[in-house]
Amino acid sequence: MSAEELGQMYGRFTDYAWRYEGRDVYTVDGEQERIDAFLRSGVVPRKTRDNNGWIRIVEDVRARGASIGRVRVVGRPVTDYTRFEFAAYPDNIAAGEDVQVLERHQLDRAWDSVPDFWLFDDTTAFVQHFDDAGRFLGAERVDNVAPFHEIRRMLTEPGRTVGAEHYALDSVPQQRRSHVPAPPALHVPSLSH
């Protein structure tokens with residue numbers, strides 16, 4: 001499966017789309033200039049339906065009565081990319097995305113092997129592949145969604161995460177919650193096959 005097929009899923013699912021976002025750095029073409037401007041000014045230009053494709057997707061999802069969200073894992077020390085992303089989250093949240101936060105130190109070390117992924121309606125999962133610098137390499141559909149569904153269940157238990165709107169990125173770390181045990185065993189497809 002390709003990134004294009006993953007992109008098509010945002011318009012196809014009926015109940016929910018949910019992402020596990022576990023990296024501290026993502027390298028997106030054309031974004032470095034905006035990150036540099038943010039690091040100089042502390043301001044991120046406002047994202048709207050008219051200037052941002054993700055905001056358009058989130059608003060369309062919410063308009064049809066479905067939900068879209070993510071759990072963002074935050075490592076320490078906090079990276080510049082993470083600061084940039086958190087400065088942009090208020091627009092995502094205003095559009096209707098549920099952004100939850102979890103500190104990496106709360107996760108069992110086995111979580112280091114869990115890739116970023118999207119889960120749709122308990123039926124379809126796509127693993128996202130990145131290189132060491134955080135450049136997106138592609139996405140592949142997973143045959144067995146059960147372990148990905150279990151990861152979502154584990155991370156969305158009440159009290160496990162903090163809503164991004166209530167999370168203080170610079171506090172070290174006030175939002176401590178309980179330890180998250182090891183994830184289920186995953187079969188992660190590789191782009192090389």
# chains A, B, ... in the order shown; residues from 1 in each chain; ligands from 1

call {"tool": "closest_atom_pairs", "arguments": {"of": "stretch 61-135 of chain A", "to": "stretch 6-28 of chain A", "cutoff": "6 Å", "atoms": "only C-alpha atoms", "output": "CSV"}}
result
residue,atom,partner,partner_atom,distance
A:Ala66,CA,A:Asp15,CA,4.8
A:Ser67,CA,A:Tyr16,CA,4.7
A:Ile68,CA,A:Ala17,CA,4.8
A:Gly69,CA,A:Trp18,CA,4.9
A:Arg70,CA,A:Arg19,CA,4.4
A:Val71,CA,A:Tyr20,CA,5.3
A:Arg72,CA,A:Glu21,CA,4.9
A:Val73,CA,A:Gly22,CA,5.0
A:Tyr81,CA,A:Val25,CA,5.6
A:Asp116,CA,A:Glu21,CA,5.1
A:Phe117,CA,A:Tyr20,CA,5.4
A:Trp118,CA,A:Arg19,CA,4.4
A:Leu119,CA,A:Trp18,CA,5.2
A:Phe120,CA,A:Ala17,CA,4.5
A:Asp121,CA,A:Tyr16,CA,5.3
A:Gly134,CA,A:Tyr26,CA,4.2
A:Arg135,CA,A:Thr27,CA,4.8

call {"tool": "write_last_selection", "arguments": {"atoms": "N, CA and C atoms", "output": "tab-separated table (two decimals), in the first residue's frame"}}
result
chain	number	residue	atom	x	y	z
A	66	ALA	N	-17.75	11.80	12.01
A	66	ALA	CA	-16.71	10.86	12.43
A	66	ALA	C	-15.71	11.59	13.33
A	67	SER	N	-14.77	10.84	13.91
A	67	SER	CA	-13.76	11.47	14.76
A	67	SER	C	-12.37	11.19	14.22
A	68	ILE	N	-11.45	12.08	14.57
A	68	ILE	CA	-10.06	11.93	14.15
A	68	ILE	C	-9.19	12.41	15.29
A	69	GLY	N	-8.14	11.64	15.57
A	69	GLY	CA	-7.30	12.00	16.69
A	69	GLY	C	-5.96	11.29	16.65
A	70	ARG	N	-5.17	11.61	17.66
A	70	ARG	CA	-3.84	11.02	17.75
A	70	ARG	C	-3.39	11.01	19.20
A	71	VAL	N	-2.43	10.15	19.48
A	71	VAL	CA	-1.64	10.24	20.69
A	71	VAL	C	-0.24	10.62	20.25
A	72	ARG	N	0.24	11.74	20.77
A	72	ARG	CA	1.59	12.23	20.46
A	72	ARG	C	2.49	11.91	21.63
A	73	VAL	N	3.53	11.12	21.38
A	73	VAL	CA	4.51	10.78	22.41
A	73	VAL	C	5.56	11.88	22.44
A	81	TYR	N	11.41	20.53	16.68
A	81	TYR	CA	10.25	20.12	15.88
A	81	TYR	C	9.03	19.93	16.78
A	116	ASP	N	5.09	4.59	13.88
A	116	ASP	CA	3.93	5.44	13.67
A	116	ASP	C	2.93	4.66	12.82
A	117	PHE	N	1.64	4.82	13.14
A	117	PHE	CA	0.63	4.15	12.33
A	117	PHE	C	-0.70	4.89	12.43
A	118	TRP	N	-1.54	4.61	11.46
A	118	TRP	CA	-2.94	5.07	11.45
A	118	TRP	C	-3.83	3.84	11.55
A	119	LEU	N	-4.88	3.94	12.35
A	119	LEU	CA	-5.90	2.89	12.47
A	119	LEU	C	-7.24	3.51	12.12
A	120	PHE	N	-7.97	2.84	11.26
A	120	PHE	CA	-9.28	3.33	10.80
A	120	PHE	C	-10.36	2.31	11.14
A	121	ASP	N	-11.36	2.74	11.90
A	121	ASP	CA	-12.57	1.94	12.14
A	121	ASP	C	-12.31	0.53	12.66
A	134	GLY	N	13.72	11.37	9.94
A	134	GLY	CA	12.30	11.66	10.04
A	134	GLY	C	11.62	11.95	8.72
A	135	ARG	N	12.30	11.66	7.60
A	135	ARG	CA	11.67	11.84	6.28
A	135	ARG	C	10.72	10.68	6.02

call {"tool": "select_by_dssp", "arguments": {"residues": "stretch 3-188 of chain A", "states": "alpha helix (DSSP H)", "output": "PyMOL selection string"}}
result
chain A and resi 3-9+32-41+53-63+80-95+146-155

call {"tool": "write_last_selection", "arguments": {"atoms": "N, CA and C atoms", "output": "short mmCIF file (atom, residue, chain, number, x, y, z; two decimals), in the first residue's frame"}}
result
data_model
loop_
_atom_site.label_atom_id
_atom_site.label_comp_id
_atom_site.auth_asym_id
_atom_site.auth_seq_id
_atom_site.Cartn_x
_atom_site.Cartn_y
_atom_site.Cartn_z
N ALA A 3 1.44 5.68 0.20
CA ALA A 3 1.00 6.89 0.89
C ALA A 3 -0.28 7.42 0.25
N GLU A 4 -0.42 7.26 -1.05
CA GLU A 4 -1.63 7.72 -1.74
C GLU A 4 -2.86 6.96 -1.23
N GLU A 5 -2.73 5.65 -1.04
CA GLU A 5 -3.85 4.87 -0.53
C GLU A 5 -4.18 5.25 0.91
N LEU A 6 -3.15 5.52 1.71
CA LEU A 6 -3.39 6.01 3.06
C LEU A 6 -4.15 7.33 3.00
N GLY A 7 -3.74 8.24 2.14
CA GLY A 7 -4.42 9.52 2.00
C GLY A 7 -5.89 9.36 1.63
N GLN A 8 -6.21 8.38 0.81
CA GLN A 8 -7.60 8.15 0.41
C GLN A 8 -8.46 7.67 1.57
N MET A 9 -7.83 7.05 2.56
CA MET A 9 -8.59 6.52 3.70
C MET A 9 -9.27 7.62 4.50
N GLN A 32 10.91 23.36 6.71
CA GLN A 32 12.03 23.88 7.51
C GLN A 32 12.00 25.40 7.62
N GLU A 33 11.62 26.08 6.57
CA GLU A 33 11.55 27.55 6.60
C GLU A 33 10.53 28.00 7.66
N ARG A 34 9.40 27.32 7.73
CA ARG A 34 8.38 27.66 8.74
C ARG A 34 8.87 27.35 10.15
N ILE A 35 9.61 26.25 10.31
CA ILE A 35 10.16 25.92 11.62
C ILE A 35 11.17 26.98 12.04
N ASP A 36 12.06 27.36 11.12
CA ASP A 36 13.06 28.39 11.42
C ASP A 36 12.39 29.70 11.81
N ALA A 37 11.34 30.09 11.08
CA ALA A 37 10.62 31.32 11.41
C ALA A 37 9.99 31.23 12.79
N PHE A 38 9.43 30.06 13.12
CA PHE A 38 8.85 29.86 14.45
C PHE A 38 9.91 29.97 15.54
N LEU A 39 11.09 29.38 15.30
CA LEU A 39 12.15 29.42 16.31
C LEU A 39 12.65 30.84 16.54
N ARG A 40 12.59 31.68 15.50
CA ARG A 40 12.99 33.09 15.65
C ARG A 40 11.93 33.91 16.35
N SER A 41 10.64 33.66 16.01
CA SER A 41 9.56 34.54 16.47
C SER A 41 8.68 33.95 17.57
N GLY A 53 -4.16 21.72 4.05
CA GLY A 53 -4.89 20.52 3.68
C GLY A 53 -5.31 19.67 4.87
N TRP A 54 -4.48 19.63 5.93
CA TRP A 54 -4.84 18.81 7.08
C TRP A 54 -6.06 19.39 7.79
N ILE A 55 -6.12 20.69 7.94
CA ILE A 55 -7.27 21.32 8.58
C ILE A 55 -8.54 21.03 7.78
N ARG A 56 -8.43 21.05 6.47
CA ARG A 56 -9.58 20.73 5.61
C ARG A 56 -10.04 19.30 5.84
N ILE A 57 -9.10 18.36 5.93
CA ILE A 57 -9.45 16.95 6.19
C ILE A 57 -10.16 16.82 7.54
N VAL A 58 -9.59 17.42 8.58
CA VAL A 58 -10.17 17.30 9.92
C VAL A 58 -11.59 17.87 9.94
N GLU A 59 -11.78 19.05 9.36
CA GLU A 59 -13.12 19.65 9.34
C GLU A 59 -14.11 18.80 8.56
N ASP A 60 -13.67 18.23 7.45
CA ASP A 60 -14.56 17.36 6.65
C ASP A 60 -14.95 16.10 7.43
N VAL A 61 -13.97 15.53 8.15
CA VAL A 61 -14.24 14.34 8.97
C VAL A 61 -15.29 14.67 10.03
N ARG A 62 -15.09 15.76 10.74
CA ARG A 62 -16.02 16.15 11.80
C ARG A 62 -17.40 16.49 11.22
N ALA A 63 -17.44 17.10 10.05
CA ALA A 63 -18.73 17.46 9.43
C ALA A 63 -19.55 16.23 9.10
N ASP A 80 13.17 20.88 18.80
CA ASP A 80 12.60 22.07 18.14
C ASP A 80 11.37 21.70 17.33
N TYR A 81 11.41 20.53 16.68
CA TYR A 81 10.25 20.12 15.88
C TYR A 81 9.03 19.93 16.78
N THR A 82 9.22 19.32 17.94
CA THR A 82 8.10 19.12 18.86
C THR A 82 7.53 20.46 19.30
N ARG A 83 8.38 21.42 19.60
CA ARG A 83 7.91 22.76 19.98
C ARG A 83 7.09 23.39 18.86
N PHE A 84 7.57 23.25 17.63
CA PHE A 84 6.87 23.77 16.46
C PHE A 84 5.50 23.09 16.32
N GLU A 85 5.50 21.79 16.44
CA GLU A 85 4.25 21.04 16.28
C GLU A 85 3.22 21.43 17.35
N PHE A 86 3.67 21.57 18.57
CA PHE A 86 2.75 21.95 19.64
C PHE A 86 2.22 23.37 19.47
N ALA A 87 3.02 24.25 18.88
CA ALA A 87 2.54 25.61 18.62
C ALA A 87 1.44 25.60 17.56
N ALA A 88 1.45 24.58 16.70
CA ALA A 88 0.45 24.47 15.63
C ALA A 88 -0.79 23.69 16.05
N TYR A 89 -0.72 22.92 17.13
CA TYR A 89 -1.85 22.08 17.54
C TYR A 89 -3.14 22.85 17.83
N PRO A 90 -3.11 24.07 18.38
CA PRO A 90 -4.39 24.73 18.64
C PRO A 90 -5.31 24.82 17.42
N ASP A 91 -4.74 25.00 16.24
CA ASP A 91 -5.58 25.04 15.03
C ASP A 91 -6.15 23.67 14.72
N ASN A 92 -5.36 22.60 14.92
CA ASN A 92 -5.87 21.24 14.74
C ASN A 92 -7.05 20.97 15.68
N ILE A 93 -6.86 21.37 16.94
CA ILE A 93 -7.89 21.13 17.95
C ILE A 93 -9.14 21.95 17.64
N ALA A 94 -8.96 23.20 17.23
CA ALA A 94 -10.11 24.05 16.88
C ALA A 94 -10.88 23.46 15.70
N ALA A 95 -10.18 22.78 14.79
CA ALA A 95 -10.83 22.16 13.63
C ALA A 95 -11.57 20.88 14.01
N ALA A 146 -5.33 -6.40 14.75
CA ALA A 146 -5.63 -6.62 16.18
C ALA A 146 -4.60 -6.00 17.12
N PRO A 147 -3.29 -6.18 16.90
CA PRO A 147 -2.35 -5.56 17.84
C PRO A 147 -2.38 -4.03 17.79
N PHE A 148 -2.67 -3.46 16.65
CA PHE A 148 -2.75 -2.00 16.53
C PHE A 148 -4.01 -1.49 17.26
N HIS A 149 -5.06 -2.26 17.15
CA HIS A 149 -6.28 -1.93 17.90
C HIS A 149 -6.01 -2.01 19.40
N GLU A 150 -5.24 -3.00 19.83
CA GLU A 150 -4.90 -3.14 21.25
C GLU A 150 -4.04 -1.97 21.72
N ILE A 151 -3.12 -1.52 20.90
CA ILE A 151 -2.31 -0.35 21.25
C ILE A 151 -3.21 0.86 21.45
N ARG A 152 -4.15 1.05 20.55
CA ARG A 152 -5.08 2.18 20.71
C ARG A 152 -5.86 2.04 22.02
N ARG A 153 -6.34 0.84 22.30
CA ARG A 153 -7.09 0.62 23.54
C ARG A 153 -6.23 0.96 24.76
N MET A 154 -4.97 0.48 24.74
CA MET A 154 -4.07 0.73 25.87
C MET A 154 -3.83 2.22 26.09
N LEU A 155 -3.66 2.95 25.01
CA LEU A 155 -3.28 4.36 25.13
C LEU A 155 -4.47 5.30 25.31
#

call {"tool": "residues_around", "arguments": {"residues": "stretch 160-170 of chain A", "least_positions_apart": "4", "cutoff": "6 Å", "atoms": "only C-alpha atoms", "output": "list in words"}}
result
Val99, Gln100, Val101 and Leu102 of chain A

call {"tool": "atom_distance", "arguments": {"atom1": "atom CA of A:Ala125", "atom2": "atom CA of A:Pro183"}}
result
15.9 Å

call {"tool": "select_by_dssp", "arguments": {"residues": "stretch 13-175 of chain A", "states": "strand (DSSP E or B)", "output": "PDB file with C-alpha atoms, in the first residue's frame"}}
result
ATOM      1  CA  TYR A  16     -12.777   7.077  13.511  1.00  0.00           C
ATOM      2  CA  ALA A  17      -9.206   7.601  12.357  1.00  0.00           C
ATOM      3  CA  TRP A  18      -6.488   7.425  15.018  1.00  0.00           C
ATOM      4  CA  ARG A  19      -2.736   7.922  14.854  1.00  0.00           C
ATOM      5  CA  TYR A  20       0.113   6.791  17.059  1.00  0.00           C
ATOM      6  CA  GLU A  21       2.751   9.504  16.596  1.00  0.00           C
ATOM      7  CA  THR A  27      11.366  16.183   8.282  1.00  0.00           C
ATOM      8  CA  SER A  67     -13.762  11.471  14.762  1.00  0.00           C
ATOM      9  CA  ILE A  68     -10.060  11.932  14.149  1.00  0.00           C
ATOM     10  CA  GLY A  69      -7.299  12.002  16.692  1.00  0.00           C
ATOM     11  CA  ARG A  70      -3.838  11.016  17.753  1.00  0.00           C
ATOM     12  CA  VAL A  71      -1.635  10.245  20.693  1.00  0.00           C
ATOM     13  CA  ARG A  72       1.591  12.234  20.458  1.00  0.00           C
ATOM     14  CA  VAL A  73       4.509  10.776  22.408  1.00  0.00           C
ATOM     15  CA  VAL A  74       6.858  13.442  23.791  1.00  0.00           C
ATOM     16  CA  ASP A  98      -8.476  15.151  19.402  1.00  0.00           C
ATOM     17  CA  VAL A  99      -4.762  15.544  20.178  1.00  0.00           C
ATOM     18  CA  GLN A 100      -3.649  13.612  23.268  1.00  0.00           C
ATOM     19  CA  VAL A 101      -0.147  13.610  24.770  1.00  0.00           C
ATOM     20  CA  LEU A 102       1.892  10.949  26.517  1.00  0.00           C
ATOM     21  CA  GLU A 103       5.412  11.321  27.940  1.00  0.00           C
ATOM     22  CA  LEU A 107       6.191   3.825  28.182  1.00  0.00           C
ATOM     23  CA  PHE A 117       0.630   4.153  12.328  1.00  0.00           C
ATOM     24  CA  TRP A 118      -2.936   5.066  11.452  1.00  0.00           C
ATOM     25  CA  LEU A 119      -5.896   2.893  12.471  1.00  0.00           C
ATOM     26  CA  PHE A 120      -9.276   3.330  10.803  1.00  0.00           C
ATOM     27  CA  THR A 124      -7.651  -0.994   8.566  1.00  0.00           C
ATOM     28  CA  ALA A 125      -4.152  -0.025   9.722  1.00  0.00           C
ATOM     29  CA  PHE A 126      -1.259   1.573   7.888  1.00  0.00           C
ATOM     30  CA  VAL A 127       2.291   1.604   9.234  1.00  0.00           C
ATOM     31  CA  GLN A 128       4.214   4.736   8.316  1.00  0.00           C
ATOM     32  CA  HIS A 129       7.921   4.379   7.479  1.00  0.00           C
ATOM     33  CA  PHE A 130      10.493   7.112   8.153  1.00  0.00           C
ATOM     34  CA  ARG A 135      11.665  11.837   6.281  1.00  0.00           C
ATOM     35  CA  PHE A 136       8.503   9.989   5.279  1.00  0.00           C
ATOM     36  CA  LEU A 137       9.328   6.962   3.110  1.00  0.00           C
ATOM     37  CA  GLY A 138       5.865   5.538   2.586  1.00  0.00           C
ATOM     38  CA  ALA A 139       3.012   3.680   4.215  1.00  0.00           C
ATOM     39  CA  GLU A 140       1.947   0.059   4.086  1.00  0.00           C
ATOM     40  CA  ARG A 141      -1.293  -1.608   5.006  1.00  0.00           C
ATOM     41  CA  VAL A 162      -3.359  14.517  28.647  1.00  0.00           C
ATOM     42  CA  GLY A 163      -5.210  16.626  26.084  1.00  0.00           C
TER      43      GLY A 163
END

call {"tool": "atom_distance", "arguments": {"atom1": "atom CA of A:Arg104", "atom2": "atom CA of A:Pro158"}}
result
17.6 Å
